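Okay, protein16.cif now, which holds mmCIF, C-alpha atoms and all ligand atoms:
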data_input
#
loop_
_atom_site.label_atom_id
_atom_site.label_comp_id
_atom_site.auth_asym_id
_atom_site.auth_seq_id
_atom_site.Cartn_x
_atom_site.Cartn_y
_atom_site.Cartn_z
CA MET F 82 -80.33 -32.97 43.66
CA PRO F 83 -76.65 -33.16 42.59
CA SER F 84 -75.94 -30.95 39.60
CA VAL F 85 -75.11 -32.68 36.32
CA GLU F 86 -71.78 -31.71 34.82
CA GLY F 87 -72.16 -29.70 31.61
CA LEU F 88 -75.85 -29.00 32.17
CA GLY F 89 -75.35 -25.20 32.08
CA ALA F 90 -73.96 -25.35 28.54
CA ARG F 91 -76.88 -27.53 27.38
CA ARG F 92 -79.44 -25.24 28.98
CA ALA F 93 -77.84 -22.31 27.19
CA ALA F 94 -77.86 -24.27 23.90
CA LEU F 95 -81.59 -24.87 24.39
CA GLN F 96 -82.16 -21.16 24.91
CA MET F 97 -80.10 -20.30 21.80
CA LEU F 98 -81.77 -22.82 19.49
CA ASP F 99 -85.19 -21.71 20.68
CA ALA F 100 -84.34 -18.03 20.06
CA VAL F 101 -83.15 -18.86 16.53
CA LEU F 102 -86.01 -21.12 15.50
CA ARG F 103 -88.97 -19.53 17.26
CA ARG F 104 -87.94 -15.89 17.43
CA GLY F 105 -85.95 -15.69 14.20
CA GLN F 106 -82.74 -14.42 15.85
CA THR F 107 -79.29 -15.00 14.43
CA LEU F 108 -77.18 -17.45 16.42
CA ASP F 109 -74.76 -14.58 17.16
CA ALA F 110 -77.55 -12.47 18.66
CA ALA F 111 -79.04 -15.44 20.52
CA SER F 112 -75.67 -16.38 21.98
CA SER F 113 -74.80 -12.87 23.09
CA SER F 114 -78.00 -12.64 25.12
CA VAL F 115 -76.90 -15.68 27.18
CA ARG F 116 -74.83 -14.40 30.11
CA ASN F 117 -73.24 -15.69 33.30
CA LEU F 118 -71.67 -18.72 31.69
CA ALA F 119 -68.00 -19.71 31.73
CA PRO F 120 -66.39 -18.98 28.32
CA SER F 121 -65.81 -22.69 27.65
CA ASP F 122 -69.49 -23.49 28.39
CA HIS F 123 -70.59 -20.57 26.24
CA ALA F 124 -68.47 -21.86 23.36
CA LEU F 125 -69.83 -25.38 23.87
CA ALA F 126 -73.43 -24.10 23.83
CA ILE F 127 -72.80 -22.30 20.51
CA ALA F 128 -71.15 -25.42 19.08
CA ILE F 129 -74.07 -27.65 20.09
CA SER F 130 -76.78 -25.37 18.74
CA GLY F 131 -74.76 -24.79 15.56
CA GLU F 132 -74.40 -28.55 15.02
CA ALA F 133 -78.17 -28.98 15.48
CA LEU F 134 -78.86 -26.24 12.90
CA ARG F 135 -76.52 -27.89 10.38
CA ARG F 136 -78.62 -31.05 10.29
CA LEU F 137 -82.07 -30.19 11.62
CA PRO F 138 -84.21 -31.97 8.98
CA ASP F 139 -82.15 -35.17 9.36
CA LEU F 140 -82.38 -35.02 13.16
CA ASP F 141 -86.15 -34.50 12.95
CA ALA F 142 -86.51 -37.49 10.63
CA LEU F 143 -84.57 -39.63 13.12
CA ILE F 144 -86.72 -38.44 16.02
CA ASP F 145 -89.91 -39.20 14.07
CA SER F 146 -88.63 -42.65 13.22
CA ALA F 147 -88.35 -43.54 16.91
CA THR F 148 -91.81 -42.55 18.14
CA ARG F 149 -95.39 -42.68 16.91
CA GLN F 150 -96.13 -39.52 18.80
CA ARG F 151 -95.93 -36.40 16.61
CA LEU F 152 -93.87 -33.94 18.61
CA PRO F 153 -94.69 -30.36 17.53
CA HIS F 154 -91.77 -28.69 15.79
CA ASP F 155 -91.54 -25.94 18.38
CA SER F 156 -91.93 -28.24 21.40
CA LYS F 157 -89.28 -28.26 24.08
CA ALA F 158 -89.08 -32.07 23.90
CA ARG F 159 -88.16 -31.98 20.20
CA THR F 160 -85.62 -29.19 20.75
CA VAL F 161 -83.96 -31.13 23.57
CA LEU F 162 -83.80 -34.25 21.39
CA ARG F 163 -82.32 -32.30 18.48
CA LEU F 164 -79.59 -30.91 20.74
CA ALA F 165 -78.85 -34.29 22.28
CA LEU F 166 -78.53 -36.03 18.92
CA ALA F 167 -76.48 -33.15 17.49
CA GLN F 168 -73.92 -33.66 20.26
CA LYS F 169 -73.67 -37.33 19.44
CA THR F 170 -73.36 -36.93 15.71
CA GLY F 171 -71.53 -33.60 15.42
CA LEU F 172 -69.32 -33.51 18.51
CA GLY F 173 -68.87 -37.18 19.39
CA THR F 174 -70.23 -36.75 22.92
CA PRO F 175 -70.49 -40.13 24.75
CA ASP F 176 -74.00 -41.62 25.09
CA HIS F 177 -74.14 -41.36 28.90
CA ALA F 178 -73.32 -37.64 28.81
CA VAL F 179 -75.86 -37.05 26.04
CA VAL F 180 -78.63 -38.69 28.09
CA ALA F 181 -77.61 -37.29 31.49
CA THR F 182 -77.59 -33.69 30.18
CA ALA F 183 -80.77 -34.02 28.10
CA LEU F 184 -83.29 -35.35 30.63
CA PRO F 185 -83.08 -32.50 33.18
CA LEU F 186 -83.85 -30.04 30.37
CA VAL F 187 -87.30 -31.52 29.80
CA ASP F 188 -88.46 -30.56 33.28
CA GLY F 189 -92.25 -30.64 33.38
CA GLY F 190 -92.34 -32.16 29.86
CA PRO F 191 -92.51 -35.72 28.49
CA ARG F 192 -89.33 -36.98 30.13
CA ARG F 193 -90.13 -40.64 29.58
CA LEU F 194 -90.80 -40.07 25.93
CA VAL F 195 -87.52 -38.20 25.48
CA HIS F 196 -85.66 -40.91 27.39
CA GLY F 197 -87.30 -43.60 25.24
CA VAL F 198 -86.55 -41.88 21.91
CA LEU F 199 -82.95 -41.21 22.86
CA GLY F 200 -82.46 -44.76 24.13
CA THR F 201 -83.89 -46.26 20.92
CA LEU F 202 -81.78 -44.08 18.64
CA LEU F 203 -78.53 -44.46 20.56
CA ARG F 204 -78.95 -48.24 20.67
CA ARG F 205 -79.67 -48.29 16.95
CA GLY F 206 -76.61 -46.11 16.25
CA LEU F 207 -76.88 -42.83 14.36
CA PRO F 208 -76.29 -42.90 10.60
CA PRO F 209 -73.47 -40.74 9.18
CA MET F 210 -74.73 -37.25 8.33
CA ASP F 211 -72.08 -36.05 5.88
CA ALA F 212 -74.59 -34.50 3.51
CA PRO F 213 -77.61 -33.58 5.62
CA MET F 214 -80.78 -32.24 4.06
CA LEU F 215 -81.37 -28.49 3.89
CA PRO F 216 -84.78 -27.14 4.91
CA PRO F 217 -87.23 -28.50 2.29
CA ASP F 218 -88.36 -25.06 1.03
CA VAL F 219 -84.72 -24.05 0.45
CA GLU F 220 -83.96 -27.31 -1.35
CA ASP F 221 -86.99 -26.83 -3.62
CA ARG F 222 -86.07 -23.23 -4.38
CA TRP F 223 -82.39 -23.90 -5.08
CA ARG F 224 -83.11 -27.06 -7.08
CA SER F 225 -85.38 -25.14 -9.40
CA GLU F 226 -82.97 -22.15 -9.64
CA TRP F 227 -79.60 -23.87 -9.72
CA GLY F 228 -80.15 -27.61 -10.21
CA ALA F 229 -79.77 -30.79 -8.19
CA ALA F 230 -75.94 -30.83 -8.21
CA VAL F 231 -75.82 -27.45 -6.43
CA VAL F 232 -78.23 -28.68 -3.75
CA GLN F 233 -76.07 -31.79 -3.30
CA SER F 234 -72.96 -29.66 -2.90
CA ALA F 235 -74.71 -27.37 -0.41
CA ARG F 236 -75.72 -30.46 1.58
CA ARG F 237 -72.12 -31.62 1.77
CA GLN F 238 -70.89 -28.17 2.76
CA ILE F 239 -73.40 -27.46 5.50
CA SER F 240 -72.23 -30.50 7.46
CA HIS F 241 -69.04 -28.88 8.77
CA ARG F 242 -67.45 -25.52 9.54
CA PRO F 243 -65.57 -24.14 6.54
CA PRO F 244 -61.90 -23.07 6.69
CA LEU F 245 -61.00 -19.49 7.56
CA ASP F 246 -60.00 -17.02 4.88
CA LEU F 247 -57.66 -14.18 5.77
CA THR F 248 -57.16 -11.06 3.65
CA PHE F 249 -53.84 -9.29 4.04
CA ALA F 250 -53.04 -5.63 3.54
CA ASP F 251 -49.94 -6.68 1.61
CA ASP F 252 -49.48 -9.58 -0.83
CA GLY F 253 -45.83 -10.26 0.06
CA ASP F 254 -46.91 -10.64 3.67
CA ALA F 255 -49.73 -13.02 2.62
CA GLN F 256 -47.34 -15.26 0.68
CA ALA F 257 -44.83 -15.33 3.57
CA TYR F 258 -47.64 -16.19 5.99
CA ALA F 259 -48.93 -18.99 3.73
CA GLN F 260 -45.43 -20.49 3.65
CA ALA F 261 -44.79 -20.10 7.37
CA TYR F 262 -48.11 -21.59 8.49
CA GLU F 263 -48.91 -23.97 5.62
CA GLY F 264 -51.81 -21.86 4.44
CA ASP F 265 -53.40 -22.09 1.00
CA SER F 266 -53.22 -18.86 -1.01
CA LEU F 267 -55.93 -18.84 -3.66
CA ALA F 268 -55.64 -15.21 -4.75
CA PRO F 269 -53.33 -12.23 -4.18
CA ARG F 270 -53.41 -11.06 -0.53
CA HIS F 271 -55.34 -14.19 0.48
CA VAL F 272 -54.48 -17.11 2.78
CA ARG F 273 -56.80 -19.99 3.76
CA VAL F 274 -56.20 -21.74 7.08
CA PRO F 275 -58.15 -24.42 8.96
CA SER F 276 -61.04 -23.18 11.12
CA ALA F 277 -59.64 -21.82 14.41
CA ALA F 278 -60.13 -19.25 17.15
CA VAL F 279 -59.40 -16.05 15.24
CA ALA F 280 -57.71 -14.08 18.02
CA GLU F 281 -55.27 -16.95 18.58
CA LEU F 282 -53.97 -17.03 15.00
CA PRO F 283 -50.51 -15.50 14.48
CA GLY F 284 -50.57 -11.88 13.31
CA PHE F 285 -54.02 -10.97 14.69
CA GLY F 286 -52.76 -8.50 17.29
CA GLU F 287 -50.43 -6.86 14.79
CA GLY F 288 -53.34 -6.29 12.43
CA ARG F 289 -51.65 -7.96 9.47
CA TRP F 290 -54.90 -9.48 8.22
CA TRP F 291 -58.64 -9.65 8.75
CA VAL F 292 -61.08 -12.53 8.39
CA GLN F 293 -63.06 -12.38 5.17
CA ASP F 294 -64.45 -15.21 3.07
CA LEU F 295 -62.61 -15.29 -0.25
CA ALA F 296 -65.90 -14.75 -2.12
CA ALA F 297 -66.59 -11.68 0.03
CA SER F 298 -63.24 -10.23 -1.03
CA LEU F 299 -64.13 -10.34 -4.73
CA PRO F 300 -66.37 -7.22 -4.97
CA ALA F 301 -63.60 -4.86 -3.80
CA ARG F 302 -61.20 -6.55 -6.23
CA LEU F 303 -63.47 -5.24 -9.02
CA ILE F 304 -63.01 -1.58 -8.05
CA PRO F 305 -60.70 -0.06 -10.68
CA ALA F 306 -57.19 0.42 -9.25
CA ASP F 307 -57.08 4.04 -10.44
CA ALA F 308 -60.34 5.05 -8.72
CA ARG F 309 -59.14 7.63 -6.19
CA ASN F 310 -62.27 8.46 -4.23
CA VAL F 311 -64.37 5.43 -3.41
CA LEU F 312 -67.74 5.35 -1.64
CA ASP F 313 -68.29 2.12 0.32
CA LEU F 314 -72.03 1.87 1.03
CA CYS F 315 -73.33 -0.52 3.69
CA ALA F 316 -69.76 -0.89 4.83
CA ALA F 317 -69.73 -2.39 8.31
CA PRO F 318 -68.02 -4.36 9.79
CA GLY F 319 -65.60 -3.32 7.10
CA GLY F 320 -63.87 -6.20 5.32
CA LYS F 321 -64.24 -4.37 2.03
CA THR F 322 -63.40 -0.96 3.53
CA MET F 323 -60.07 -2.40 4.72
CA GLN F 324 -59.36 -3.91 1.31
CA LEU F 325 -60.03 -0.57 -0.36
CA ALA F 326 -58.10 1.51 2.18
CA SER F 327 -55.10 -0.81 2.03
CA GLY F 328 -55.27 -0.65 -1.76
CA GLY F 329 -54.58 3.09 -1.61
CA HIS F 330 -58.13 4.37 -2.28
CA LEU F 331 -59.58 7.28 -0.29
CA VAL F 332 -62.63 5.63 1.22
CA THR F 333 -65.86 7.07 2.58
CA ALA F 334 -67.65 4.27 4.42
CA VAL F 335 -71.37 4.62 5.17
CA ASP F 336 -73.48 2.36 7.37
CA SER F 337 -76.75 2.90 9.22
CA SER F 338 -75.80 0.80 12.25
CA GLY F 339 -73.85 2.64 14.93
CA SER F 340 -72.77 -0.56 16.68
CA ARG F 341 -71.56 -2.14 13.44
CA LEU F 342 -69.69 1.07 12.56
CA GLY F 343 -68.06 0.78 15.99
CA ARG F 344 -66.72 -2.62 14.91
CA LEU F 345 -65.52 -1.10 11.66
CA ARG F 346 -63.69 1.60 13.64
CA GLN F 347 -62.01 -1.08 15.79
CA ASN F 348 -61.07 -3.08 12.71
CA LEU F 349 -59.45 -0.04 11.10
CA ALA F 350 -57.55 0.73 14.30
CA ARG F 351 -56.29 -2.88 14.58
CA THR F 352 -55.11 -2.94 10.97
CA HIS F 353 -53.70 0.64 11.07
CA LEU F 354 -55.89 1.73 8.16
CA ASP F 355 -57.93 4.84 7.59
CA ALA F 356 -61.31 5.73 6.11
CA LYS F 357 -63.90 8.44 6.61
CA LEU F 358 -66.83 6.91 8.51
CA VAL F 359 -70.42 8.12 8.20
CA GLU F 360 -73.31 6.80 10.25
CA ALA F 361 -76.35 7.28 8.03
CA ASP F 362 -79.20 5.54 6.27
CA ALA F 363 -78.11 5.45 2.65
CA LEU F 364 -81.72 6.04 1.60
CA GLU F 365 -81.72 9.40 3.39
CA TRP F 366 -78.08 10.48 3.32
CA SER F 367 -76.92 12.64 0.48
CA ALA F 368 -73.35 12.68 -0.82
CA ASP F 369 -72.07 16.18 -1.55
CA THR F 370 -69.85 14.93 -4.34
CA GLN F 371 -69.66 12.12 -6.91
CA TYR F 372 -67.11 9.29 -6.61
CA ASP F 373 -64.76 7.56 -9.03
CA ALA F 374 -66.26 4.28 -7.85
CA VAL F 375 -69.06 3.15 -5.55
CA LEU F 376 -69.25 -0.25 -3.87
CA LEU F 377 -72.69 -1.31 -2.65
CA ASP F 378 -72.54 -4.51 -0.62
CA ALA F 379 -76.23 -4.53 0.11
CA PRO F 380 -78.02 -6.02 3.12
CA CYS F 381 -79.71 -9.27 2.07
CA SER F 382 -81.01 -12.64 3.25
CA ALA F 383 -77.34 -13.79 3.46
CA THR F 384 -78.26 -17.31 2.36
CA GLY F 385 -74.82 -17.60 0.74
CA THR F 386 -73.26 -17.71 4.21
CA PHE F 387 -75.08 -20.92 5.25
CA ARG F 388 -71.81 -22.78 5.91
CA ARG F 389 -70.89 -20.44 8.75
CA HIS F 390 -74.41 -19.39 9.68
CA PRO F 391 -76.71 -22.35 9.01
CA GLU F 392 -79.63 -20.53 10.64
CA VAL F 393 -79.89 -18.14 7.66
CA LEU F 394 -81.74 -20.92 5.85
CA TYR F 395 -84.50 -20.82 8.47
CA ARG F 396 -84.77 -17.03 8.44
CA ALA F 397 -84.89 -16.58 4.65
CA ARG F 398 -88.64 -16.89 4.17
CA PRO F 399 -90.08 -15.64 0.81
CA LYS F 400 -91.24 -12.39 2.43
CA VAL F 401 -87.75 -11.69 3.83
CA ILE F 402 -86.29 -12.20 0.35
CA ALA F 403 -88.96 -10.04 -1.32
CA ASP F 404 -88.46 -7.24 1.24
CA GLY F 405 -84.70 -7.48 0.74
CA ALA F 406 -85.11 -7.17 -3.03
CA GLU F 407 -87.19 -4.03 -2.61
CA LEU F 408 -84.58 -2.40 -0.36
CA GLN F 409 -81.75 -3.43 -2.72
CA ALA F 410 -83.57 -1.85 -5.69
CA GLN F 411 -83.81 1.45 -3.79
CA LEU F 412 -80.19 1.30 -2.61
CA VAL F 413 -78.79 0.61 -6.07
CA GLU F 414 -80.71 3.60 -7.41
CA ARG F 415 -79.19 5.87 -4.73
CA ALA F 416 -75.70 4.43 -5.21
CA ALA F 417 -75.84 4.99 -8.97
CA ALA F 418 -76.49 8.71 -8.51
CA TRP F 419 -73.15 9.10 -6.71
CA VAL F 420 -71.03 7.56 -9.49
CA LYS F 421 -69.06 10.03 -11.65
CA PRO F 422 -69.52 9.76 -15.42
CA GLY F 423 -67.04 7.10 -16.52
CA GLY F 424 -66.94 5.68 -12.97
CA ALA F 425 -67.83 2.18 -11.74
CA LEU F 426 -70.59 0.84 -9.54
CA VAL F 427 -70.00 -2.60 -8.00
CA TYR F 428 -73.10 -4.26 -6.58
CA SER F 429 -72.85 -7.38 -4.43
CA VAL F 430 -74.93 -9.58 -2.12
CA CYS F 431 -73.97 -12.71 -0.16
CA SER F 432 -77.24 -14.26 -1.26
CA LEU F 433 -78.07 -17.35 -3.30
CA GLU F 434 -81.43 -15.87 -4.28
CA PRO F 435 -81.66 -14.47 -7.85
CA GLN F 436 -84.33 -12.03 -6.62
CA GLU F 437 -81.61 -10.24 -4.63
CA GLY F 438 -78.89 -10.48 -7.27
CA GLU F 439 -79.56 -11.03 -10.96
CA GLU F 440 -83.07 -9.58 -10.84
CA VAL F 441 -82.00 -6.40 -9.03
CA VAL F 442 -79.33 -5.66 -11.63
CA ARG F 443 -81.52 -6.63 -14.58
CA ALA F 444 -84.29 -4.31 -13.39
CA PHE F 445 -81.82 -1.48 -12.71
CA LEU F 446 -80.31 -1.76 -16.19
CA SER F 447 -83.76 -1.72 -17.75
CA ARG F 448 -84.48 1.59 -15.95
CA SER F 449 -81.12 3.24 -16.49
CA SER F 450 -79.68 3.58 -19.98
CA GLU F 451 -76.60 5.39 -18.61
CA PHE F 452 -75.06 2.23 -17.09
CA ARG F 453 -73.77 -0.90 -18.79
CA LEU F 454 -72.37 -4.13 -17.38
CA GLU F 455 -68.62 -4.49 -17.56
CA GLU F 456 -67.55 -8.12 -17.51
CA PRO F 457 -64.67 -8.69 -15.09
CA HIS F 458 -61.75 -10.49 -16.74
CA ASP F 459 -58.71 -11.99 -15.05
CA LEU F 460 -60.24 -11.83 -11.59
CA SER F 461 -59.02 -15.35 -10.83
CA ASP F 462 -58.99 -18.76 -12.44
CA PHE F 463 -61.83 -20.08 -10.31
CA VAL F 464 -64.31 -17.27 -10.97
CA VAL F 465 -65.84 -17.37 -14.41
CA PRO F 466 -68.25 -14.55 -15.27
CA SER F 467 -71.65 -15.81 -16.40
CA SER F 468 -72.76 -15.26 -19.99
CA ASP F 469 -74.71 -12.24 -18.69
CA GLY F 470 -71.47 -10.56 -17.62
CA TRP F 471 -71.79 -10.82 -13.86
CA ILE F 472 -70.36 -13.19 -11.28
CA ARG F 473 -72.48 -15.80 -9.58
CA ILE F 474 -70.75 -17.99 -7.00
CA LEU F 475 -72.68 -21.14 -6.22
CA PRO F 476 -71.99 -23.92 -3.70
CA GLY F 477 -69.62 -26.24 -5.52
CA VAL F 478 -67.06 -23.61 -6.60
CA LEU F 479 -63.65 -24.66 -5.20
CA GLU F 480 -65.35 -27.31 -3.08
CA ASP F 481 -62.27 -29.54 -3.16
CA ARG F 482 -60.24 -26.72 -1.55
CA GLY F 483 -62.76 -25.72 1.10
CA GLY F 484 -65.50 -23.97 -0.90
CA LEU F 485 -66.69 -20.38 -1.00
CA ASP F 486 -69.67 -18.45 0.33
CA GLY F 487 -72.46 -17.96 -2.21
CA PHE F 488 -72.29 -14.50 -3.79
CA PHE F 489 -73.59 -12.34 -6.60
CA ILE F 490 -71.40 -9.51 -7.96
CA ALA F 491 -71.89 -7.15 -10.89
CA ARG F 492 -69.74 -4.27 -12.11
CA LEU F 493 -71.59 -1.49 -13.88
CA VAL F 494 -69.96 1.44 -15.62
CA ARG F 495 -71.55 4.83 -16.11
CA GLY F 496 -71.28 6.23 -19.64
CA GLY F 497 -68.94 9.20 -19.64
C1 LIG R 1 -73.81 -7.22 4.00
S1 LIG R 1 -73.54 -6.16 5.34
C2 LIG R 1 -72.13 -5.30 4.82
C3 LIG R 1 -70.81 -6.00 4.98
C4 LIG R 1 -69.63 -5.09 4.68
N1 LIG R 1 -69.72 -4.51 3.37
C5 LIG R 1 -68.30 -5.78 4.83
O1 LIG R 1 -67.64 -6.07 3.83
O2 LIG R 1 -67.87 -6.00 5.98
C6 LIG R 1 -74.80 -4.98 5.12
C7 LIG R 1 -74.69 -3.71 5.95
O3 LIG R 1 -75.69 -2.81 5.50
C8 LIG R 1 -76.06 -1.99 6.57
N2 LIG R 1 -77.34 -1.34 6.18
C9 LIG R 1 -78.56 -1.90 6.11
N3 LIG R 1 -79.47 -1.01 5.64
C10 LIG R 1 -78.77 0.14 5.41
C11 LIG R 1 -79.14 1.42 4.93
N4 LIG R 1 -80.41 1.70 4.58
N5 LIG R 1 -78.19 2.36 4.84
C12 LIG R 1 -76.90 2.10 5.18
N6 LIG R 1 -76.51 0.90 5.63
C13 LIG R 1 -77.42 -0.07 5.74
C14 LIG R 1 -76.12 -2.93 7.74
O4 LIG R 1 -75.96 -2.24 8.96
C15 LIG R 1 -74.93 -3.86 7.45
O5 LIG R 1 -73.80 -3.43 8.14
#
Just give me the structure of the file as structure tokens.
Amino acid sequence: MPSVEGLGARRAALQMLDAVLRRGQTLDAASSSVRNLAPSDHALAIAISGEALRRLPDLDALIDSATRQRLPHDSKARTVLRLALAQKTGLGTPDHAVVATALPLVDGGPRRLVHGVLGTLLRRGLPPMDAPMLPPDVEDRWRSEWGAAVVQSARRQISHRPPLDLTFADDGDAQAYAQAYEGDSLAPRHVRVPSAAVAELPGFGEGRWWVQDLAASLPARLIPADARNVLDLCAAPGGKTMQLASGGHLVTAVDSSGSRLGRLRQNLARTHLDAKLVEADALEWSADTQYDAVLLDAPCSATGTFRRHPEVLYRARPKVIADGAELQAQLVERAAAWVKPGGALVYSVCSLEPQEGEEVVRAFLSRSSEFRLEEPHDLSDFVVPSSDGWIRILPGVLEDRGGLDGFFIARLVRGG
């Protein structure tokens, strides 16, 4: 049988989507286990599976509208259809290529059914999907926590890749870069550029900047400028370590993952920055000194990163969130012990779940009378501290200029 052009990329996309939805992998992990593919096919496979994840509930509703047969959610036929429709709606692939690369993937399955559903939907024409639904459990949770307008904004933002945020070691350099390349600078040392291949952007090789969502750069901005020794807990791959090191702090960066610390080491080498690196579980490691400031950017469900990683919404089941909250409570307790009297503890998570943010800090403060919240002023004009004194970034903030990842950040100060 003659081979169909582009089939390899679609087969890989099928493998990736299956690994994400049935085995709970991240798309990064799923894509790195696919080998022996040309780089352009590999990139196409990631793009196709990513587009499917951005609009899965809408694609499923379309599929169900074109057949009376209930295709199980984890069936190969449904996964093939999702990928085929995602190409049409997200990448503008022509109908004939969509069909020709979908049917061979169903081998042994209901080929006629898949052909029929695709034919019906392509003839009908796909509706625009500019604000696709989020998974229903996430919509219910966020609607009750944050309200309908936030869900609506999240729907609009999940439909496309967000712009890239670059953090610079030096603000003068950031402003010059913004001017030279028509970037948008929304804060000191920050430039926003359209989504692109990172290594191809000017200045990458010279290590002038690193990629970091603007929201993710806020926690390190809350470390007092005069804090000399700073402990960066859960530090890899090191966006915040680089901010701190380039800000003149002496940084000790701790992370339990050797491979992620390896990336942190590479990042420091590329940007010509320095920090002391420690590979250790923060729950077992013991600091031999106290620090002027501690930054704890805790592991979490990462639901705030859904614009770049739409699969987080499928991984963040209630148990994952509850387990995360338990770990965060233990980590914040450890981190607090290493803060000098009068020093600051900044706690952050890229999560849109109050269990991992507000509730962790509330519970910590109720246990520890030594710490109090210190409301951050003058951080920027787009970040307004909540009435509780912490920062909660929801979908919708700066949406007209490209949006921000969801984040929770609190600065606590130890009585001196
Ligand atoms: C949200 S990421 C950190 C991102 C990082 N702060 C940055 O700005 O690039 C969480 C990190 O926590 C690390 N981690 C998870 N559990 C840990 C533990 N018990 N002790 C130390 N690090 C841990 C993970 O390996 C991961 O790198």
Record the distance separating CA of Leu108 (chain F) and CA of Ala133 (chain F), expressed in Å with one decimal.
->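 Value for the CA of Leu108 (chain F)-CA of Ala133 (chain F) distance: 11.6 Å.
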Axis-aligned box for ligand LIG 1 (chain R), 3 Å per side, centre and edges in Å as AutoDock Vina command-line options:
--center_x -74.0 --center_y -2.4 --center_z 6.2 --size_x 18.8 --size_y 15.6 --size_z 11.6
How would you write, as a PyMOL selection string, the set of residues no farther than 6 Å from ligand LIG 1 (chain R) when counting only C-alpha atoms and all ligand atoms?
-> chain F and resi 315-321+336-338+341+361-364+378-380
Select, from F:Ala296, F:Cys431, F:Val441, F:Ala158, the residue with the minimum atom-to-atom distance to Ala403 (chain F), counting all atoms listed in the file.
-> F:Val441
Pick from F:Ala183, F:Ile239, F:Leu325, F:Leu199, whichever lies nearest to Arg389 (chain F) using all atoms listed in the file |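 Checking each candidate against Arg389 (chain F), we get F:Ile239 as the closest.
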Which residue, F:Arg396, F:Arg273, F:Arg159, F:Arg351, has the smallest gap to Val101 (chain F) when you use all atoms listed in the file?
->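 Ranked by minimum distance to Val101 (chain F), first place goes to F:Arg396.
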Closest of F:Asn348, F:Gln238, F:Gln436, F:Gln168 to Arg482 (chain F) - atom-to-atom distances counting all atoms listed in the file =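 Checking each candidate against Arg482 (chain F), we get F:Gln238 as the closest.
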Given the choices F:Arg135, F:Arg92, F:Arg116, F:His353, which gets closest to Arg242 (chain F) if the distance is worked out from all atoms listed in the file?
->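 Nearest to Arg242 (chain F): F:Arg135.
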Per-residue nearest contacts of region 199-282 of chain F to region 450-468 of chain F (10 Å; all atoms listed in the file) as a Markdown table:
| residue | atom | partner | partner_atom | distance |
| --- | --- | --- | --- | --- |
| F:Leu267 | CA | F:Ser461 | CA | 8.6 |
| F:Ala268 | CA | F:Ser461 | CA | 7.0 |
| F:Pro269 | CA | F:Ser461 | CA | 9.3 |
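Non-sequential neighbours of Trp419 (chain F) (distance at most 9 Å, separation of 3 or more positions within a chain, all atoms listed in the file) are Leu312, Ser367, Ala368, Asp369, Thr370, Gln371, Tyr372, Asp373, Ala374, Val375, Arg415 and Ala416 of chain F.
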Selected residue, from F:Asp122, F:Asp481, F:Glu132, F:Asp188, that lies nearest to Ala93 (chain F) when counting all atoms listed in the file =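 Counting all atoms listed in the file, the residue closest to Ala93 (chain F) is F:Asp122.
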Quick one, how far is CA of Ala128 (chain F) from CA of Gly190 (chain F)?
->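 Distance reported for this atom pair: 24.7 Å.
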Rounded to one decimal in Å, what is the spacing between CA of Asp246 (chain F) and CA of Gly484 (chain F)?
->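 CA of Gly484 (chain F) lies at a distance of 10.6 Å from CA of Asp246 (chain F).
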Test item: residues at most 12 Å from Pro283 (chain F), only C-alpha atoms, excluding those fewer than 4 positions along its chain, as an MDAnalysis selection string = chainID F and resid 247 258:259 261:262 264 274 277:279 287:291
